[in-house]
$ cat structure_38.txt   # compact mmCIF, C-alpha atoms
# COMPACT_ATOMS: atom_id res chain seq x y z
CA MET A 1 134.21 118.15 99.52
CA LEU A 2 131.77 115.80 101.24
CA THR A 3 128.48 117.03 102.62
CA GLU A 4 128.02 116.69 106.38
CA ARG A 5 125.63 113.77 105.81
CA GLN A 6 128.09 111.96 103.54
CA THR A 7 130.88 112.48 106.06
CA VAL A 8 128.84 110.95 108.90
CA LEU A 9 127.86 107.98 106.76
CA SER A 10 131.45 107.46 105.62
CA GLU A 11 132.65 107.50 109.22
CA ARG A 12 130.01 104.93 110.18
CA PHE A 13 131.09 102.74 107.29
CA LEU A 14 134.73 102.90 108.36
CA GLU A 15 133.76 102.15 111.97
CA SER A 16 131.82 99.08 110.79
CA CYS A 17 134.92 97.83 109.00
CA ASP A 18 136.93 98.13 112.20
CA ALA A 19 134.21 96.62 114.41
CA GLY A 20 134.32 93.23 112.70
CA VAL A 21 130.96 93.65 110.99
CA SER A 22 130.23 90.96 108.43
CA ALA A 23 131.41 91.41 104.87
CA MET A 24 127.81 91.46 103.63
CA LYS A 25 126.88 94.40 105.91
CA ARG A 26 130.03 96.30 104.85
CA LEU A 27 129.18 95.68 101.19
CA THR A 28 125.62 96.90 101.78
CA ALA A 29 126.89 100.05 103.50
CA PHE A 30 129.38 100.67 100.69
CA LEU A 31 126.68 100.29 98.02
CA PHE A 32 124.47 102.68 99.97
CA LEU A 33 127.25 105.27 99.95
CA LEU A 34 127.67 104.86 96.19
CA ILE A 35 123.95 105.43 95.67
CA LEU A 36 124.05 108.45 97.98
CA ALA A 37 126.93 109.92 96.00
CA ALA A 38 124.98 109.45 92.76
CA VAL A 39 121.88 111.14 94.19
CA ASP A 40 123.81 113.86 96.03
CA PRO A 41 126.98 114.21 93.91
CA VAL A 42 130.07 115.48 95.67
CA GLY A 43 131.25 117.29 92.55
CA ALA A 44 128.14 119.45 92.31
CA GLN A 45 128.45 123.07 93.29
CA GLU A 46 126.97 123.16 96.77
CA THR A 47 127.74 126.76 97.62
CA ASP A 48 125.69 129.76 96.61
CA PRO A 49 128.05 132.36 95.12
CA HIS A 50 125.75 135.11 96.39
CA ALA A 51 126.13 133.75 99.93
CA ILE A 52 129.92 133.63 99.59
CA TYR A 53 130.01 137.29 98.61
CA GLU A 54 127.49 138.39 101.23
CA GLN A 55 129.21 136.47 104.05
CA SER A 56 132.83 137.14 103.13
CA CYS A 57 132.89 140.43 101.23
CA ALA A 58 129.83 142.57 101.94
CA ARG A 59 130.86 143.61 105.43
CA CYS A 60 133.67 145.73 103.91
CA HIS A 61 132.49 146.21 100.31
CA ALA A 62 129.14 146.92 98.63
CA ALA A 63 126.20 144.91 100.00
CA HIS A 64 125.65 143.17 96.66
CA ALA A 65 128.22 141.71 94.30
CA GLY A 66 126.73 143.46 91.25
CA ASP A 67 127.29 146.89 92.74
CA PHE A 68 130.83 145.98 93.81
CA VAL A 69 131.75 144.53 90.42
CA HIS A 70 130.53 147.49 88.40
CA ASP A 71 131.81 150.15 90.79
CA ARG A 72 135.22 148.69 91.63
CA LEU A 73 136.30 146.05 89.08
CA ASP A 74 137.22 145.84 85.40
CA LEU A 75 137.60 142.80 83.19
CA LYS A 76 140.91 142.88 81.30
CA GLU A 77 142.07 139.99 79.16
CA GLY A 78 139.61 137.69 80.92
CA ARG A 79 140.81 138.64 84.42
CA LEU A 80 139.15 140.81 87.03
CA VAL A 81 141.24 143.73 88.21
CA SER A 82 140.67 146.53 90.69
CA THR A 83 139.86 149.84 88.99
CA SER A 84 141.77 151.75 91.68
CA SER A 85 144.94 149.66 92.09
CA GLY A 86 145.01 147.50 88.94
CA LYS A 87 145.57 144.42 91.14
CA ASP A 88 144.37 141.06 89.87
CA VAL A 89 141.40 140.05 92.05
CA GLU A 90 142.06 136.31 91.88
CA ALA A 91 145.68 136.80 92.98
CA PHE A 92 144.53 139.15 95.72
CA LEU A 93 142.01 136.58 97.02
CA SER A 94 144.58 133.76 96.72
CA GLY A 95 146.85 135.82 98.97
CA GLY A 96 144.34 135.50 101.80
CA HIS A 97 142.03 138.48 101.32
CA GLY A 98 138.54 137.35 102.31
CA ARG A 99 139.89 134.13 103.86
CA LEU A 100 138.19 131.94 101.25
CA GLU A 101 138.93 128.31 100.50
CA ALA A 102 140.19 127.62 96.96
CA ALA A 103 136.81 126.23 95.83
CA GLU A 104 134.96 129.24 97.25
CA ARG A 105 137.41 131.61 95.53
CA GLN A 106 136.77 129.98 92.18
CA ILE A 107 132.99 130.04 92.63
CA LEU A 108 133.17 133.72 93.59
CA ILE A 109 135.53 134.68 90.74
CA ASP A 110 133.30 132.88 88.20
CA GLN A 111 130.27 134.75 89.55
CA LEU A 112 131.99 138.13 89.52
CA ILE A 113 133.18 137.61 85.93
CA ALA A 114 129.68 136.59 84.84
CA ILE A 115 128.23 139.68 86.51
CA ARG A 116 130.78 141.93 84.81
CA GLN A 117 130.18 140.35 81.39
CA SER A 118 126.42 140.74 81.62
CA GLY A 119 126.60 144.45 82.36
CA ARG A 120 124.06 146.22 84.53
CA LEU A 121 121.11 145.19 82.42
CA PHE A 122 118.93 143.79 85.22
CA HIS A 123 119.92 146.67 87.50
CA ASP A 124 119.13 149.31 84.88
CA LYS A 125 115.94 147.89 83.38
CA CYS A 126 114.33 145.57 85.94
CA LEU A 127 115.32 146.47 89.50
CA THR A 128 112.90 149.39 89.64
CA CYS A 129 109.95 146.98 89.70
CA HIS A 130 111.47 143.61 90.64
CA ASP A 131 113.64 142.12 93.41
CA ARG A 132 117.34 141.44 92.83
CA ALA A 133 117.91 139.09 89.89
CA VAL A 134 118.71 136.12 92.12
CA GLU A 135 115.59 136.58 94.26
CA PHE A 136 113.38 137.20 91.25
CA ALA A 137 114.66 134.21 89.27
CA ARG A 138 114.54 131.76 92.16
CA SER A 139 111.02 132.72 93.21
CA ARG A 140 109.37 133.30 89.82
CA LEU A 141 111.15 131.24 87.15
CA ILE A 142 112.12 127.66 86.27
CA VAL A 143 113.89 125.98 83.36
CA LYS A 144 111.66 123.47 81.61
CA ASP A 145 113.06 121.47 78.69
CA GLY A 146 115.91 123.97 78.46
CA VAL A 147 113.58 126.99 78.21
CA LEU A 148 113.22 129.63 80.92
CA VAL A 149 109.52 129.86 81.83
CA GLY A 150 107.34 131.46 84.46
CA ARG A 151 107.10 129.20 87.51
CA TYR A 152 103.32 129.59 87.72
CA SER A 153 102.29 130.66 84.23
CA GLY A 154 104.54 128.32 82.26
CA GLU A 155 104.98 131.19 79.79
CA ASP A 156 108.22 131.34 77.81
CA THR A 157 110.18 134.15 79.49
CA GLY A 158 112.04 135.06 76.29
CA GLN A 159 108.77 135.60 74.45
CA PHE A 160 107.35 137.55 77.38
CA LEU A 161 110.39 139.83 77.59
CA ARG A 162 110.07 140.82 73.92
CA GLY A 163 107.14 143.00 74.97
CA HIS A 164 108.20 143.81 78.53
CA GLY A 165 110.84 145.89 80.21
CA ARG A 166 111.93 148.07 77.28
CA LEU A 167 114.48 145.43 76.20
CA THR A 168 116.01 145.24 72.74
CA PRO A 169 116.16 141.79 71.11
CA ASP A 170 119.87 141.48 72.05
CA GLU A 171 119.07 142.51 75.61
CA VAL A 172 116.37 139.82 75.83
CA ASP A 173 118.99 137.16 75.06
CA THR A 174 121.38 138.62 77.63
CA MET A 175 118.61 138.80 80.24
CA ILE A 176 117.66 135.17 79.66
CA ASP A 177 121.31 134.21 80.25
CA VAL A 178 121.45 136.32 83.43
CA LEU A 179 118.26 134.80 84.83
CA LYS A 180 119.22 131.23 83.94
CA ARG A 181 122.56 131.71 85.68
CA GLN A 182 120.70 132.64 88.86
CA LEU A 183 118.90 129.30 88.74
CA GLN A 184 122.10 127.34 88.14
CA THR A 185 123.53 128.38 91.50
CA PRO A 186 122.12 126.72 94.62
CA ALA A 187 120.32 128.72 97.27
CA ASN A 188 121.74 128.47 100.78
$ encode --input "structure_38.txt" --output "structure tokens"
Amino acid sequence: MLTERQTVLSERFLESCDAGVSAMKRLTAFLFLLILAAVDPVGAQETDPHAIYEQSCARCHAAHAGDFVHDRLDLKEGRLVSTSSGKDVEAFLSGGHGRLEAAERQILIDQLIAIRQSGRLFHDKCLTCHDRAVEFARSRLIVKDGVLVGRYSGEDTGQFLRGHGRLTPDEVDTMIDVLKRQLQTPAN
């Protein structure tokens, strides 16, 4: 899917081809589009999974995906299913529930599975003092050389968590994964 900016530029390029613009100008425009695609890749995930849930699901379900997943869904054989009906969530969404495009469905399903697999660790041990995981991670943390660190302190978050939040060593590893995942999804 092209971004709005890439679509406009592509249309201008095609118009220039039709308008009899010189071959050199068309080549320049084409090279510009290639550079733009490299800088702003089309294949990159451009949609925030949290925004998909909040815009398409939260009006009828829980306000936050984490609450919905843990209250209403199970993970069986790698697939999300409703705890009340046993229906496969992906099949349900593919049938039109939520009116999501295929790419949005996949982004949402991946997010819901990741939430289910990580348990309610952030909810149970961190939410009392901190914002939601996504808000906390995006405002307070960054990944530097593959390590999750404090945005302002530069402190290794894994080391910090070993003495913070009543986390076991295994929970520290899970929490690092949860927080990194929040940073891998774009904010809208």
$ residues_near_point --input "structure_38.txt" --point "(117.2, 136.7, 82.3)" --cutoff "12 Å" --atoms "only C-alpha atoms" --output "PyMOL selection string"
chain A and resi 118+120-123+125-126+132-134+136-138+140-143+147-150+156-162+165+167+170-183
$ atom_distance --input "structure_38.txt" --atom1 "atom CA of Asp124 of chain A" --atom2 "atom CA of Gln111 of chain A"
18.9 Å
$ atom_distance --input "structure_38.txt" --atom1 "atom CA of Ala51 of chain A" --atom2 "atom CA of Ala114 of chain A"
15.8 Å
$ atom_distance --input "structure_38.txt" --atom1 "atom CA of Gly86 of chain A" --atom2 "atom CA of Glu104 of chain A"
22.4 Å
$ residues_around --input "structure_38.txt" --residues "Leu108 of chain A" --least-positions-apart "5" --cutoff "10 Å" --atoms "all atoms listed in the file" --output "ChimeraX atom specification"
/A:47-53,65,90,93,100,102-103,113-114
$ residues_near_point --input "structure_38.txt" --point "(135.6, 142.8, 83.7)" --cutoff "12 Å" --atoms "all atoms listed in the file" --output "number ranges by chain"
A: 66, 68-83, 86, 88-89, 109-119
$ decode --input "structure_38.txt" --residues "segment 163-188 of chain A" --atoms "N, CA, C and O atoms" --output "PDB file, in the first residue's frame"
ATOM      1  N   GLY A 163      15.994  -5.023  39.678  1.00  0.00           N
ATOM      2  CA  GLY A 163      15.772  -4.532  41.035  1.00  0.00           C
ATOM      3  C   GLY A 163      14.525  -3.678  41.155  1.00  0.00           C
ATOM      4  O   GLY A 163      14.386  -2.898  42.090  1.00  0.00           O
ATOM      5  N   HIS A 164      13.627  -3.794  40.182  1.00  0.00           N
ATOM      6  CA  HIS A 164      12.447  -2.923  40.148  1.00  0.00           C
ATOM      7  C   HIS A 164      11.211  -3.730  39.777  1.00  0.00           C
ATOM      8  O   HIS A 164      11.275  -4.645  38.969  1.00  0.00           O
ATOM      9  N   GLY A 165      10.112  -3.418  40.363  1.00  0.00           N
ATOM     10  CA  GLY A 165       8.844  -3.982  39.926  1.00  0.00           C
ATOM     11  C   GLY A 165       8.539  -5.388  40.383  1.00  0.00           C
ATOM     12  O   GLY A 165       7.628  -6.017  39.847  1.00  0.00           O
ATOM     13  N   ARG A 166       9.291  -5.929  41.329  1.00  0.00           N
ATOM     14  CA  ARG A 166       9.009  -7.266  41.860  1.00  0.00           C
ATOM     15  C   ARG A 166       8.983  -8.331  40.763  1.00  0.00           C
ATOM     16  O   ARG A 166       8.170  -9.251  40.791  1.00  0.00           O
ATOM     17  N   LEU A 167       9.874  -8.211  39.775  1.00  0.00           N
ATOM     18  CA  LEU A 167       9.912  -9.160  38.665  1.00  0.00           C
ATOM     19  C   LEU A 167      10.926 -10.260  38.928  1.00  0.00           C
ATOM     20  O   LEU A 167      12.020 -10.003  39.439  1.00  0.00           O
ATOM     21  N   THR A 168      10.573 -11.480  38.567  1.00  0.00           N
ATOM     22  CA  THR A 168      11.531 -12.588  38.607  1.00  0.00           C
ATOM     23  C   THR A 168      12.453 -12.446  37.395  1.00  0.00           C
ATOM     24  O   THR A 168      12.119 -11.722  36.443  1.00  0.00           O
ATOM     25  N   PRO A 169      13.595 -13.145  37.385  1.00  0.00           N
ATOM     26  CA  PRO A 169      14.469 -13.073  36.210  1.00  0.00           C
ATOM     27  C   PRO A 169      13.759 -13.449  34.898  1.00  0.00           C
ATOM     28  O   PRO A 169      13.969 -12.788  33.869  1.00  0.00           O
ATOM     29  N   ASP A 170      12.914 -14.470  34.913  1.00  0.00           N
ATOM     30  CA  ASP A 170      12.164 -14.833  33.706  1.00  0.00           C
ATOM     31  C   ASP A 170      11.197 -13.734  33.302  1.00  0.00           C
ATOM     32  O   ASP A 170      10.991 -13.459  32.124  1.00  0.00           O
ATOM     33  N   GLU A 171      10.571 -13.105  34.298  1.00  0.00           N
ATOM     34  CA  GLU A 171       9.641 -12.020  34.004  1.00  0.00           C
ATOM     35  C   GLU A 171      10.351 -10.807  33.425  1.00  0.00           C
ATOM     36  O   GLU A 171       9.787 -10.097  32.587  1.00  0.00           O
ATOM     37  N   VAL A 172      11.586 -10.562  33.841  1.00  0.00           N
ATOM     38  CA  VAL A 172      12.359  -9.452  33.269  1.00  0.00           C
ATOM     39  C   VAL A 172      12.526  -9.667  31.764  1.00  0.00           C
ATOM     40  O   VAL A 172      12.299  -8.752  30.967  1.00  0.00           O
ATOM     41  N   ASP A 173      12.886 -10.874  31.362  1.00  0.00           N
ATOM     42  CA  ASP A 173      13.053 -11.170  29.933  1.00  0.00           C
ATOM     43  C   ASP A 173      11.743 -10.990  29.173  1.00  0.00           C
ATOM     44  O   ASP A 173      11.722 -10.408  28.085  1.00  0.00           O
ATOM     45  N   THR A 174      10.656 -11.463  29.748  1.00  0.00           N
ATOM     46  CA  THR A 174       9.339 -11.295  29.113  1.00  0.00           C
ATOM     47  C   THR A 174       8.988  -9.822  29.005  1.00  0.00           C
ATOM     48  O   THR A 174       8.502  -9.359  27.970  1.00  0.00           O
ATOM     49  N   MET A 175       9.238  -9.058  30.070  1.00  0.00           N
ATOM     50  CA  MET A 175       8.910  -7.633  30.066  1.00  0.00           C
ATOM     51  C   MET A 175       9.717  -6.885  29.020  1.00  0.00           C
ATOM     52  O   MET A 175       9.179  -6.004  28.328  1.00  0.00           O
ATOM     53  N   ILE A 176      10.991  -7.239  28.867  1.00  0.00           N
ATOM     54  CA  ILE A 176      11.809  -6.594  27.835  1.00  0.00           C
ATOM     55  C   ILE A 176      11.191  -6.860  26.460  1.00  0.00           C
ATOM     56  O   ILE A 176      11.082  -5.949  25.633  1.00  0.00           O
ATOM     57  N   ASP A 177      10.776  -8.087  26.212  1.00  0.00           N
ATOM     58  CA  ASP A 177      10.128  -8.423  24.935  1.00  0.00           C
ATOM     59  C   ASP A 177       8.849  -7.616  24.732  1.00  0.00           C
ATOM     60  O   ASP A 177       8.594  -7.103  23.637  1.00  0.00           O
ATOM     61  N   VAL A 178       8.037  -7.506  25.777  1.00  0.00           N
ATOM     62  CA  VAL A 178       6.779  -6.749  25.699  1.00  0.00           C
ATOM     63  C   VAL A 178       7.067  -5.288  25.358  1.00  0.00           C
ATOM     64  O   VAL A 178       6.441  -4.704  24.466  1.00  0.00           O
ATOM     65  N   LEU A 179       8.010  -4.686  26.042  1.00  0.00           N
ATOM     66  CA  LEU A 179       8.308  -3.273  25.838  1.00  0.00           C
ATOM     67  C   LEU A 179       8.950  -3.019  24.477  1.00  0.00           C
ATOM     68  O   LEU A 179       8.623  -2.026  23.811  1.00  0.00           O
ATOM     69  N   LYS A 180       9.825  -3.894  24.045  1.00  0.00           N
ATOM     70  CA  LYS A 180      10.429  -3.754  22.711  1.00  0.00           C
ATOM     71  C   LYS A 180       9.363  -3.839  21.625  1.00  0.00           C
ATOM     72  O   LYS A 180       9.412  -3.108  20.638  1.00  0.00           O
ATOM     73  N   ARG A 181       8.404  -4.746  21.816  1.00  0.00           N
ATOM     74  CA  ARG A 181       7.336  -4.890  20.824  1.00  0.00           C
ATOM     75  C   ARG A 181       6.552  -3.592  20.677  1.00  0.00           C
ATOM     76  O   ARG A 181       6.142  -3.212  19.588  1.00  0.00           O
ATOM     77  N   GLN A 182       6.371  -2.878  21.776  1.00  0.00           N
ATOM     78  CA  GLN A 182       5.648  -1.600  21.716  1.00  0.00           C
ATOM     79  C   GLN A 182       6.388  -0.592  20.844  1.00  0.00           C
ATOM     80  O   GLN A 182       5.768   0.235  20.178  1.00  0.00           O
ATOM     81  N   LEU A 183       7.706  -0.664  20.848  1.00  0.00           N
ATOM     82  CA  LEU A 183       8.515   0.271  20.062  1.00  0.00           C
ATOM     83  C   LEU A 183       8.615  -0.141  18.587  1.00  0.00           C
ATOM     84  O   LEU A 183       8.971   0.667  17.746  1.00  0.00           O
ATOM     85  N   GLN A 184       8.315  -1.399  18.290  1.00  0.00           N
ATOM     86  CA  GLN A 184       8.398  -1.880  16.922  1.00  0.00           C
ATOM     87  C   GLN A 184       7.152  -1.542  16.117  1.00  0.00           C
ATOM     88  O   GLN A 184       7.141  -1.710  14.912  1.00  0.00           O
ATOM     89  N   THR A 185       6.106  -1.082  16.781  1.00  0.00           N
ATOM     90  CA  THR A 185       4.887  -0.707  16.081  1.00  0.00           C
ATOM     91  C   THR A 185       4.821   0.814  16.009  1.00  0.00           C
ATOM     92  O   THR A 185       5.121   1.490  16.984  1.00  0.00           O
ATOM     93  N   PRO A 186       4.470   1.351  14.854  1.00  0.00           N
ATOM     94  CA  PRO A 186       4.471   2.805  14.689  1.00  0.00           C
ATOM     95  C   PRO A 186       3.324   3.458  15.446  1.00  0.00           C
ATOM     96  O   PRO A 186       2.253   2.874  15.601  1.00  0.00           O
ATOM     97  N   ALA A 187       3.565   4.657  15.903  1.00  0.00           N
ATOM     98  CA  ALA A 187       2.512   5.442  16.548  1.00  0.00           C
ATOM     99  C   ALA A 187       1.751   6.192  15.468  1.00  0.00           C
ATOM    100  O   ALA A 187       2.337   6.703  14.534  1.00  0.00           O
ATOM    101  N   ASN A 188       0.452   6.229  15.578  1.00  0.00           N
ATOM    102  CA  ASN A 188      -0.371   7.012  14.638  1.00  0.00           C
ATOM    103  C   ASN A 188      -0.914   8.231  15.313  1.00  0.00           C
ATOM    104  O   ASN A 188      -1.114   8.315  16.441  1.00  0.00           O
TER     105      ASN A 188
END
